[in-house]
Amino acid sequence: MPPTVDYIKSCFDEYNALFFGNSLPPIPVKLSSARTFLGKVTFTRRRSWLFGPLRNENFVLRINTRLDLPEELIQDTIIHEMIHYYIAVNQWKDTSTHGKLFRREMARINAEGNRHISISYRLSKEQQIELYPERKEQIEAFFLRKSQKCNKHQT
Ligand SMILES: [Zn+2]
C-alpha cells in the first residue's frame, strides 16, 4: 500500500527520536508520483543579509507513492532522506551528495537500527516495468542480458 502523509510523519517522528536525538525540526511532507526518485529533500539556499552566508531553508520532504514498494524500503527511503535533511538543516557541507558525512551517518544508523539504508536504490525488474510499462520489452531484454552474464561467470 502506498504510504500516506500521516504514515510518513509518524515514521519521521519515530526515527527523529531514535537516530537524531529529536534534533530535526518538523518538515512539510509531500507525496510525489515522479518517475525519477523514491524520495527527495528539497530546499532553497538564501542569504539572510547581503553579504551573509548562504543558508539552506524552505525544506520539503517528498516521498514517492507511484510504486507499490515494500514497507521496509519506504522506511529506509525516509531515513535516507532524513540524513540529507540532517546535514542540510545543520548547514554542513558534505564532500559530495553522498559524501563522507552522509556515509558516516548511514553506517551509524544501519548499525544502531539494524537497517539497510544504501546510497542508491536500484529498482527491481518488476518495479521498473510498473513505472515504465511502455518500455517493458527493453527492460526485460536488459535483465535477460544481465542474468546471462551472471550465468557465464558461474561456469
Ligand atoms: Zn540520497
# chains A, B, ... in the order shown; residues from 1 in each chain; ligands from 1
>>> residues_near_ligand(ligand="ligand 1", cutoff="10 Å", atoms="only C-alpha atoms and all ligand atoms", output="NGL selection string")
:A and (37-41 or 77 or 79-85 or 97-99 or 102 or 118-121)
>>> residues_around(residues="segment 53-57 of chain A", least_positions_apart="5", cutoff="7 Å", atoms="only C-alpha atoms", output="list in words")
Phe43, Thr44, Arg45, Arg46, Arg47, Ala88, Val89 and Gln91 of chain A
>>> write_last_selection(atoms="C-alpha atoms", output="CSV table (one decimal), in the first residue's frame")
chain,number,residue,atom,x,y,z
A,43,PHE,CA,15.4,23.2,-0.1
A,44,THR,CA,16.4,26.7,-1.2
A,45,ARG,CA,19.7,28.5,-0.5
A,46,ARG,CA,19.4,32.1,0.5
A,47,ARG,CA,21.5,34.8,2.2
A,88,ALA,CA,21.4,20.4,5.2
A,89,VAL,CA,19.4,21.8,8.2
A,91,GLN,CA,24.2,23.9,7.3
>>> atom_distance(atom1="atom CA of Leu18 of chain A", atom2="atom CA of Gln75 of chain A")
13.2 Å
>>> closest_residue(among="A:Lys100, A:Tyr86, A:Ala107, A:Glu137", to="Gly21 of chain A", atoms="only C-alpha atoms")
A:Tyr86
>>> closest_residue(among="A:Phe59, A:Gly113, A:Ile87, A:Pro2", to="Leu101 of chain A", atoms="only C-alpha atoms")
A:Ile87
>>> atom_distance(atom1="atom CA of Glu130 of chain A", atom2="atom CA of Val29 of chain A")
24.1 Å
